[in-house]
file final08.pdb (PDB, C-alpha atoms and all ligand atoms)
ATOM      1  CA  MET A   1      -9.012  19.833 -15.352  1.00  0.00           C
ATOM      2  CA  ASP A   2      -7.488  22.885 -13.691  1.00  0.00           C
ATOM      3  CA  LEU A   3      -7.209  26.239 -15.358  1.00  0.00           C
ATOM      4  CA  ARG A   4      -3.537  25.909 -16.218  1.00  0.00           C
ATOM      5  CA  ALA A   5      -4.066  22.537 -17.897  1.00  0.00           C
ATOM      6  CA  ALA A   6      -6.995  23.982 -19.812  1.00  0.00           C
ATOM      7  CA  ALA A   7      -4.927  26.922 -21.001  1.00  0.00           C
ATOM      8  CA  LEU A   8      -2.095  24.614 -22.038  1.00  0.00           C
ATOM      9  CA  THR A   9      -4.540  22.433 -23.930  1.00  0.00           C
ATOM     10  CA  LEU A  10      -5.813  25.427 -25.846  1.00  0.00           C
ATOM     11  CA  LEU A  11      -2.271  26.554 -26.545  1.00  0.00           C
ATOM     12  CA  LEU A  12      -1.133  23.126 -27.716  1.00  0.00           C
ATOM     13  CA  GLY A  13      -4.356  22.580 -29.625  1.00  0.00           C
ATOM     14  CA  ALA A  14      -3.801  25.831 -31.472  1.00  0.00           C
ATOM     15  CA  ALA A  15      -0.166  24.985 -32.195  1.00  0.00           C
ATOM     16  CA  LEU A  16      -0.919  21.574 -33.640  1.00  0.00           C
ATOM     17  CA  PRO A  17      -1.441  21.340 -37.386  1.00  0.00           C
ATOM     18  CA  GLY A  18      -5.139  21.780 -37.907  1.00  0.00           C
ATOM     19  CA  GLY A  19      -5.692  22.112 -34.143  1.00  0.00           C
ATOM     20  CA  ALA A  20      -7.529  18.801 -34.226  1.00  0.00           C
ATOM     21  CA  VAL A  21      -9.985  18.337 -31.367  1.00  0.00           C
ATOM     22  CA  ALA A  22      -8.840  14.746 -30.964  1.00  0.00           C
ATOM     23  CA  GLN A  23      -5.345  15.997 -30.101  1.00  0.00           C
ATOM     24  CA  GLN A  24      -6.523  18.024 -27.122  1.00  0.00           C
ATOM     25  CA  ALA A  25      -7.322  15.187 -24.720  1.00  0.00           C
ATOM     26  CA  PRO A  26      -3.798  13.665 -24.678  1.00  0.00           C
ATOM     27  CA  ALA A  27      -2.290  17.143 -24.324  1.00  0.00           C
ATOM     28  CA  ALA A  28      -4.470  17.797 -21.269  1.00  0.00           C
ATOM     29  CA  ASP A  29      -3.479  14.423 -19.801  1.00  0.00           C
ATOM     30  CA  ALA A  30       0.181  15.221 -20.295  1.00  0.00           C
ATOM     31  CA  ALA A  31      -0.183  18.634 -18.671  1.00  0.00           C
ATOM     32  CA  ALA A  32      -2.035  17.152 -15.686  1.00  0.00           C
ATOM     33  CA  ARG A  33       0.667  14.514 -15.301  1.00  0.00           C
ATOM     34  CA  VAL A  34       3.422  17.131 -15.277  1.00  0.00           C
ATOM     35  CA  GLU A  35       1.448  19.219 -12.768  1.00  0.00           C
ATOM     36  CA  LEU A  36       1.025  16.234 -10.423  1.00  0.00           C
ATOM     37  CA  GLY A  37       4.745  15.552 -10.822  1.00  0.00           C
ATOM     38  CA  ARG A  38       5.616  19.150 -10.013  1.00  0.00           C
ATOM     39  CA  ARG A  39       3.542  19.091  -6.835  1.00  0.00           C
ATOM     40  CA  THR A  40       4.958  15.725  -5.776  1.00  0.00           C
ATOM     41  CA  TYR A  41       8.497  16.880  -6.489  1.00  0.00           C
ATOM     42  CA  THR A  42       8.056  20.132  -4.563  1.00  0.00           C
ATOM     43  CA  GLY A  43       6.628  18.301  -1.555  1.00  0.00           C
ATOM     44  CA  THR A  44       8.915  15.268  -1.485  1.00  0.00           C
ATOM     45  CA  CYS A  45      12.126  15.853  -3.423  1.00  0.00           C
ATOM     46  CA  ALA A  46      12.915  19.566  -3.605  1.00  0.00           C
ATOM     47  CA  ARG A  47      14.306  19.807  -0.073  1.00  0.00           C
ATOM     48  CA  CYS A  48      17.258  17.710  -1.244  1.00  0.00           C
ATOM     49  CA  HIS A  49      17.284  18.153  -5.014  1.00  0.00           C
ATOM     50  CA  GLY A  50      16.411  21.874  -5.137  1.00  0.00           C
ATOM     51  CA  LEU A  51      13.455  23.831  -6.502  1.00  0.00           C
ATOM     52  CA  ASN A  52      12.791  23.167 -10.188  1.00  0.00           C
ATOM     53  CA  LEU A  53      15.642  20.600 -10.193  1.00  0.00           C
ATOM     54  CA  VAL A  54      18.213  23.339  -9.567  1.00  0.00           C
ATOM     55  CA  THR A  55      20.504  21.520  -7.177  1.00  0.00           C
ATOM     56  CA  SER A  56      21.803  23.160  -4.021  1.00  0.00           C
ATOM     57  CA  GLY A  57      24.756  20.803  -4.150  1.00  0.00           C
ATOM     58  CA  ILE A  58      23.123  18.034  -2.080  1.00  0.00           C
ATOM     59  CA  GLY A  59      22.378  14.800  -3.844  1.00  0.00           C
ATOM     60  CA  PHE A  60      22.183  14.295  -7.542  1.00  0.00           C
ATOM     61  CA  ASP A  61      21.669  17.004 -10.168  1.00  0.00           C
ATOM     62  CA  LEU A  62      18.432  15.776 -11.745  1.00  0.00           C
ATOM     63  CA  ARG A  63      18.988  18.041 -14.758  1.00  0.00           C
ATOM     64  CA  THR A  64      21.641  15.532 -15.800  1.00  0.00           C
ATOM     65  CA  PHE A  65      19.589  12.358 -15.332  1.00  0.00           C
ATOM     66  CA  PRO A  66      19.637  10.241 -18.528  1.00  0.00           C
ATOM     67  CA  GLN A  67      16.316  10.187 -20.368  1.00  0.00           C
ATOM     68  CA  ASN A  68      16.938   6.639 -21.570  1.00  0.00           C
ATOM     69  CA  ASP A  69      17.168   5.126 -18.083  1.00  0.00           C
ATOM     70  CA  ARG A  70      13.721   5.227 -16.569  1.00  0.00           C
ATOM     71  CA  GLU A  71      14.320   1.852 -14.961  1.00  0.00           C
ATOM     72  CA  ARG A  72      17.238   3.240 -12.956  1.00  0.00           C
ATOM     73  CA  PHE A  73      15.131   6.260 -11.968  1.00  0.00           C
ATOM     74  CA  GLU A  74      12.337   4.093 -10.634  1.00  0.00           C
ATOM     75  CA  ARG A  75      14.739   1.758  -8.843  1.00  0.00           C
ATOM     76  CA  SER A  76      16.687   4.574  -7.166  1.00  0.00           C
ATOM     77  CA  VAL A  77      13.551   6.453  -6.101  1.00  0.00           C
ATOM     78  CA  THR A  78      11.630   3.451  -4.770  1.00  0.00           C
ATOM     79  CA  GLN A  79      14.572   1.532  -3.241  1.00  0.00           C
ATOM     80  CA  GLY A  80      16.951   4.398  -2.446  1.00  0.00           C
ATOM     81  CA  LEU A  81      20.654   4.700  -3.188  1.00  0.00           C
ATOM     82  CA  ARG A  82      23.219   5.487  -0.456  1.00  0.00           C
ATOM     83  CA  ALA A  83      22.076   8.863   1.032  1.00  0.00           C
ATOM     84  CA  MET A  84      18.995   8.929  -1.216  1.00  0.00           C
ATOM     85  CA  PRO A  85      16.103   7.572   0.889  1.00  0.00           C
ATOM     86  CA  ALA A  86      13.863   4.766  -0.384  1.00  0.00           C
ATOM     87  CA  LEU A  87      10.611   6.559  -1.184  1.00  0.00           C
ATOM     88  CA  GLY A  88       8.634   3.699  -2.692  1.00  0.00           C
ATOM     89  CA  GLY A  89       6.326   3.586   0.324  1.00  0.00           C
ATOM     90  CA  ALA A  90       5.608   7.321   0.085  1.00  0.00           C
ATOM     91  CA  LEU A  91       4.628   7.447  -3.597  1.00  0.00           C
ATOM     92  CA  THR A  92       1.794   5.970  -5.624  1.00  0.00           C
ATOM     93  CA  PRO A  93       2.681   4.482  -9.027  1.00  0.00           C
ATOM     94  CA  GLU A  94       0.821   7.457 -10.507  1.00  0.00           C
ATOM     95  CA  GLN A  95       3.061   9.910  -8.630  1.00  0.00           C
ATOM     96  CA  LEU A  96       6.198   8.054  -9.704  1.00  0.00           C
ATOM     97  CA  ASP A  97       5.063   8.233 -13.324  1.00  0.00           C
ATOM     98  CA  ALA A  98       4.222  11.927 -12.889  1.00  0.00           C
ATOM     99  CA  LEU A  99       7.662  12.663 -11.397  1.00  0.00           C
ATOM    100  CA  TRP A 100       9.277  11.193 -14.494  1.00  0.00           C
ATOM    101  CA  ALA A 101       7.033  13.347 -16.701  1.00  0.00           C
ATOM    102  CA  TYR A 102       7.868  16.456 -14.656  1.00  0.00           C
ATOM    103  CA  ILE A 103      11.628  15.871 -14.827  1.00  0.00           C
ATOM    104  CA  GLY A 104      11.303  15.326 -18.576  1.00  0.00           C
ATOM    105  CA  ALA A 105       9.302  18.543 -18.967  1.00  0.00           C
ATOM    106  CA  VAL A 106      11.815  20.638 -16.999  1.00  0.00           C
ATOM    107  CA  ASN A 107      14.720  19.110 -18.921  1.00  0.00           C
ATOM    108  CA  GLY A 108      13.022  19.551 -22.279  1.00  0.00           C
ATOM    109  CA  TRP A 109      13.234  15.881 -23.220  1.00  0.00           C
ATOM    110  CA  LYS A 110      11.835  15.062 -26.619  1.00  0.00           C
ATOM    111  CA  PRO A 111       9.513  12.030 -26.743  1.00  0.00           C
TER     112      PRO A 111
HETATM  113  C1  LIG B 201      16.875  13.320   2.057  1.00  0.00           C
HETATM  114  C2  LIG B 201      17.335  13.875   0.794  1.00  0.00           C
HETATM  115  C3  LIG B 201      16.706  13.354  -0.481  1.00  0.00           C
HETATM  116  C4  LIG B 201      15.371  13.320  -0.827  1.00  0.00           C
HETATM  117  C5  LIG B 201      14.162  13.731   0.009  1.00  0.00           C
HETATM  118  C6  LIG B 201      15.331  12.833  -2.179  1.00  0.00           C
HETATM  119  N1  LIG B 201      16.595  12.557  -2.651  1.00  0.00           N
HETATM  120 FE1  LIG B 201      17.101  11.824  -4.464  1.00  0.00          FE
HETATM  121  N2  LIG B 201      19.053  11.730  -3.932  1.00  0.00           N
HETATM  122  C7  LIG B 201      19.565  12.195  -2.725  1.00  0.00           C
HETATM  123  C8  LIG B 201      21.003  11.954  -2.685  1.00  0.00           C
HETATM  124  C9  LIG B 201      21.934  12.302  -1.545  1.00  0.00           C
HETATM  125  C10 LIG B 201      21.327  11.329  -3.918  1.00  0.00           C
HETATM  126  C11 LIG B 201      22.713  10.841  -4.386  1.00  0.00           C
HETATM  127  C12 LIG B 201      22.825   9.357  -4.049  1.00  0.00           C
HETATM  128  C13 LIG B 201      24.212   8.832  -4.373  1.00  0.00           C
HETATM  129  O1  LIG B 201      24.484   8.608  -5.552  1.00  0.00           O
HETATM  130  O2  LIG B 201      24.986   8.653  -3.453  1.00  0.00           O
HETATM  131  C14 LIG B 201      20.089  11.226  -4.670  1.00  0.00           C
HETATM  132  C15 LIG B 201      19.986  10.670  -5.923  1.00  0.00           C
HETATM  133  C16 LIG B 201      18.842  10.641  -6.687  1.00  0.00           C
HETATM  134  C17 LIG B 201      18.742  10.126  -8.040  1.00  0.00           C
HETATM  135  C18 LIG B 201      19.878   9.523  -8.861  1.00  0.00           C
HETATM  136  C19 LIG B 201      20.022   8.073  -8.493  1.00  0.00           C
HETATM  137  C20 LIG B 201      20.917   7.346  -9.451  1.00  0.00           C
HETATM  138  O3  LIG B 201      20.457   6.332 -10.005  1.00  0.00           O
HETATM  139  O4  LIG B 201      22.060   7.786  -9.642  1.00  0.00           O
HETATM  140  C21 LIG B 201      17.462  10.285  -8.438  1.00  0.00           C
HETATM  141  C22 LIG B 201      16.869   9.896  -9.771  1.00  0.00           C
HETATM  142  C23 LIG B 201      16.739  10.898  -7.341  1.00  0.00           C
HETATM  143  N3  LIG B 201      17.614  11.093  -6.298  1.00  0.00           N
HETATM  144  C24 LIG B 201      15.409  11.244  -7.396  1.00  0.00           C
HETATM  145  C25 LIG B 201      14.680  11.705  -6.305  1.00  0.00           C
HETATM  146  C26 LIG B 201      13.269  11.970  -6.332  1.00  0.00           C
HETATM  147  C27 LIG B 201      12.394  11.843  -7.582  1.00  0.00           C
HETATM  148  C28 LIG B 201      12.906  12.336  -5.079  1.00  0.00           C
HETATM  149  C29 LIG B 201      11.523  12.654  -4.575  1.00  0.00           C
HETATM  150  C30 LIG B 201      10.501  11.629  -4.788  1.00  0.00           C
HETATM  151  C31 LIG B 201      14.105  12.340  -4.264  1.00  0.00           C
HETATM  152  N4  LIG B 201      15.157  11.947  -5.047  1.00  0.00           N
HETATM  153  C32 LIG B 201      14.158  12.678  -2.907  1.00  0.00           C
HETATM  154  C33 LIG B 201      18.843  12.755  -1.696  1.00  0.00           C
HETATM  155  C34 LIG B 201      17.470  12.873  -1.629  1.00  0.00           C
END
call {"tool": "encode", "arguments": {"input": "final08.pdb", "output": "structure tokens"}}
result
Amino acid sequence: MDLRAAALTLLLGAALPGGAVAQQAPAADAAARVELGRRTYTGTCARCHGLNLVTSGIGFDLRTFPQNDRERFERSVTQGLRAMPALGGALTPEQLDALWAYIGAVNGWKP
């Protein structure tokens, strides 16, 4: 676990009712997932979709992507869509999952 994930775990653990120890492991997993997604996004997607999802006008504004359509997200990213390249070969399933978590975290999606 990196330092940031550890700090987030402590923060979330403290914020949870009772700060139950059992709650800390999933929180750390979630933070690590978002962090992997952030790194993957910055390396692979940001040049077209903008840093932190803030679009430069190219491509799709990922801040508006519908939370209820993960299937479409995975299809478009792996198979491509018009000017959006097919990136399935460049991403592990873990990275694809992490990208979804990252986009959700930036957009403030509720579970
Ligand atoms: C070479 C530039 C480029 C890169 C790199 C790129 N995209 Fe895109 N993306 C686009 C463009 C252009 C569109 C708009 C496609 C259209 O609707 O015509 C798009 C659209 C999308 C959409 C919306 C598709 C839909 O169903 O409407 C998603 C989601 C998306 N990109 C995610 C990503 C993710 C995640 C990455 C990184 C893994 C990524 N893109 C990398 C250019 C890019």
call {"tool": "atom_distance", "arguments": {"input": "final08.pdb", "atom1": "atom C9 of ligand LIG 201 (chain B)", "atom2": "CA of Ala30 in chain A"}}
result
28.9 Å
call {"tool": "residues_near_ligand", "arguments": {"input": "final08.pdb", "ligand": "ligand LIG 201 (chain B)", "cutoff": "7 Å", "atoms": "all atoms listed in the file", "output": "JSON, numbers by chain"}}
result
{"A": [40, 41, 44, 45, 46, 47, 48, 49, 58, 59, 60, 62, 65, 72, 73, 76, 77, 81, 82, 83, 84, 85, 87, 99]}
call {"tool": "closest_residue", "arguments": {"input": "final08.pdb", "among": "A:Thr78, A:Gly50, A:Asn68, A:Gly43", "to": "Lys110 in chain A", "atoms": "only C-alpha atoms"}}
result
A:Asn68
call {"tool": "closest_residue", "arguments": {"input": "final08.pdb", "among": "A:Pro26, A:Asp97, A:Arg38, A:Asp69", "to": "Asn52 in chain A", "atoms": "all atoms listed in the file"}}
result
A:Arg38
call {"tool": "atom_distance", "arguments": {"input": "final08.pdb", "atom1": "CA of Gln95 in chain A", "atom2": "CA of Leu36 in chain A"}}
result
6.9 Å
call {"tool": "closest_residue", "arguments": {"input": "final08.pdb", "among": "A:Ala27, A:Ala32, A:Leu96, A:Ala101", "to": "Gln67 in chain A", "atoms": "only C-alpha atoms"}}
result
A:Ala101
call {"tool": "residues_near_point", "arguments": {"input": "final08.pdb", "point": "(9.6, 21.2, -15.5)", "cutoff": "12 Å", "atoms": "only C-alpha atoms", "output": "list of chain:residue names"}}
result
A:Ala31, A:Arg33, A:Val34, A:Glu35, A:Leu36, A:Gly37, A:Arg38, A:Arg39, A:Tyr41, A:Thr42, A:Leu51, A:Asn52, A:Leu53, A:Val54, A:Leu62, A:Arg63, A:Ala98, A:Leu99, A:Trp100, A:Ala101, A:Tyr102, A:Ile103, A:Gly104, A:Ala105, A:Val106, A:Asn107, A:Gly108, A:Trp109
call {"tool": "atom_distance", "arguments": {"input": "final08.pdb", "atom1": "CA of Glu74 in chain A", "atom2": "CA of Ala28 in chain A"}}
result
24.2 Å
call {"tool": "build_atoms", "arguments": {"input": "final08.pdb", "residues": "range 39-71 of chain A", "atoms": "N, CA and C atoms", "output": "compact mmCIF listing (two decimals), in the frame of the given file"}}
result
# COMPACT_ATOMS: atom_id res chain seq x y z
N ARG A 39 3.99 18.99 -8.23
CA ARG A 39 3.54 19.09 -6.84
C ARG A 39 4.22 18.02 -5.98
N THR A 40 4.32 16.82 -6.52
CA THR A 40 4.96 15.72 -5.78
C THR A 40 6.44 16.05 -5.56
N TYR A 41 7.07 16.53 -6.59
CA TYR A 41 8.50 16.88 -6.49
C TYR A 41 8.71 17.97 -5.43
N THR A 42 7.90 19.01 -5.49
CA THR A 42 8.06 20.13 -4.56
C THR A 42 7.87 19.67 -3.12
N GLY A 43 6.89 18.77 -2.90
CA GLY A 43 6.63 18.30 -1.56
C GLY A 43 7.62 17.27 -1.04
N THR A 44 8.14 16.43 -1.94
CA THR A 44 8.91 15.27 -1.48
C THR A 44 10.40 15.32 -1.84
N CYS A 45 10.75 15.96 -2.91
CA CYS A 45 12.13 15.85 -3.42
C CYS A 45 12.92 17.15 -3.34
N ALA A 46 12.22 18.28 -3.42
CA ALA A 46 12.92 19.57 -3.60
C ALA A 46 13.83 19.91 -2.43
N ARG A 47 13.47 19.44 -1.22
CA ARG A 47 14.31 19.81 -0.07
C ARG A 47 15.73 19.28 -0.24
N CYS A 48 15.90 18.21 -0.99
CA CYS A 48 17.26 17.71 -1.24
C CYS A 48 17.74 18.04 -2.65
N HIS A 49 16.85 18.00 -3.62
CA HIS A 49 17.28 18.15 -5.01
C HIS A 49 17.12 19.58 -5.54
N GLY A 50 16.53 20.47 -4.75
CA GLY A 50 16.41 21.87 -5.14
C GLY A 50 15.14 22.18 -5.90
N LEU A 51 14.66 23.42 -5.79
CA LEU A 51 13.46 23.83 -6.50
C LEU A 51 13.69 23.76 -8.00
N ASN A 52 12.70 23.26 -8.72
CA ASN A 52 12.79 23.17 -10.19
C ASN A 52 14.03 22.42 -10.67
N LEU A 53 14.48 21.46 -9.87
CA LEU A 53 15.64 20.60 -10.19
C LEU A 53 16.97 21.34 -10.10
N VAL A 54 16.95 22.60 -9.66
CA VAL A 54 18.21 23.34 -9.57
C VAL A 54 18.87 22.94 -8.25
N THR A 55 19.88 22.12 -8.35
CA THR A 55 20.50 21.52 -7.18
C THR A 55 21.17 22.56 -6.29
N SER A 56 21.10 22.31 -4.97
CA SER A 56 21.80 23.16 -4.02
C SER A 56 23.16 22.53 -3.71
N GLY A 57 23.49 21.47 -4.39
CA GLY A 57 24.76 20.80 -4.15
C GLY A 57 24.59 19.49 -3.40
N ILE A 58 23.41 19.29 -2.76
CA ILE A 58 23.12 18.03 -2.08
C ILE A 58 22.60 17.06 -3.12
N GLY A 59 22.99 15.83 -3.01
CA GLY A 59 22.38 14.80 -3.84
C GLY A 59 22.79 14.92 -5.30
N PHE A 60 21.90 14.49 -6.13
CA PHE A 60 22.18 14.30 -7.54
C PHE A 60 21.55 15.45 -8.32
N ASP A 61 22.23 15.94 -9.32
CA ASP A 61 21.67 17.00 -10.17
C ASP A 61 20.72 16.36 -11.19
N LEU A 62 19.41 16.47 -10.91
CA LEU A 62 18.43 15.78 -11.74
C LEU A 62 18.32 16.36 -13.16
N ARG A 63 18.97 17.51 -13.39
CA ARG A 63 18.99 18.04 -14.76
C ARG A 63 19.89 17.21 -15.65
N THR A 64 20.71 16.35 -15.01
CA THR A 64 21.64 15.53 -15.80
C THR A 64 21.20 14.07 -15.86
N PHE A 65 20.01 13.77 -15.33
CA PHE A 65 19.59 12.36 -15.33
C PHE A 65 19.31 11.89 -16.76
N PRO A 66 19.82 10.71 -17.14
CA PRO A 66 19.64 10.24 -18.53
C PRO A 66 18.20 9.86 -18.86
N GLN A 67 17.69 10.43 -19.92
CA GLN A 67 16.32 10.19 -20.37
C GLN A 67 16.07 8.72 -20.70
N ASN A 68 17.12 8.03 -21.12
CA ASN A 68 16.94 6.64 -21.57
C ASN A 68 17.04 5.63 -20.43
N ASP A 69 17.04 6.10 -19.17
CA ASP A 69 17.17 5.13 -18.08
C ASP A 69 16.08 5.27 -17.02
N ARG A 70 14.85 5.12 -17.48
CA ARG A 70 13.72 5.23 -16.57
C ARG A 70 13.75 4.13 -15.50
N GLU A 71 14.25 2.97 -15.90
CA GLU A 71 14.32 1.85 -14.96
C GLU A 71 15.19 2.21 -13.75
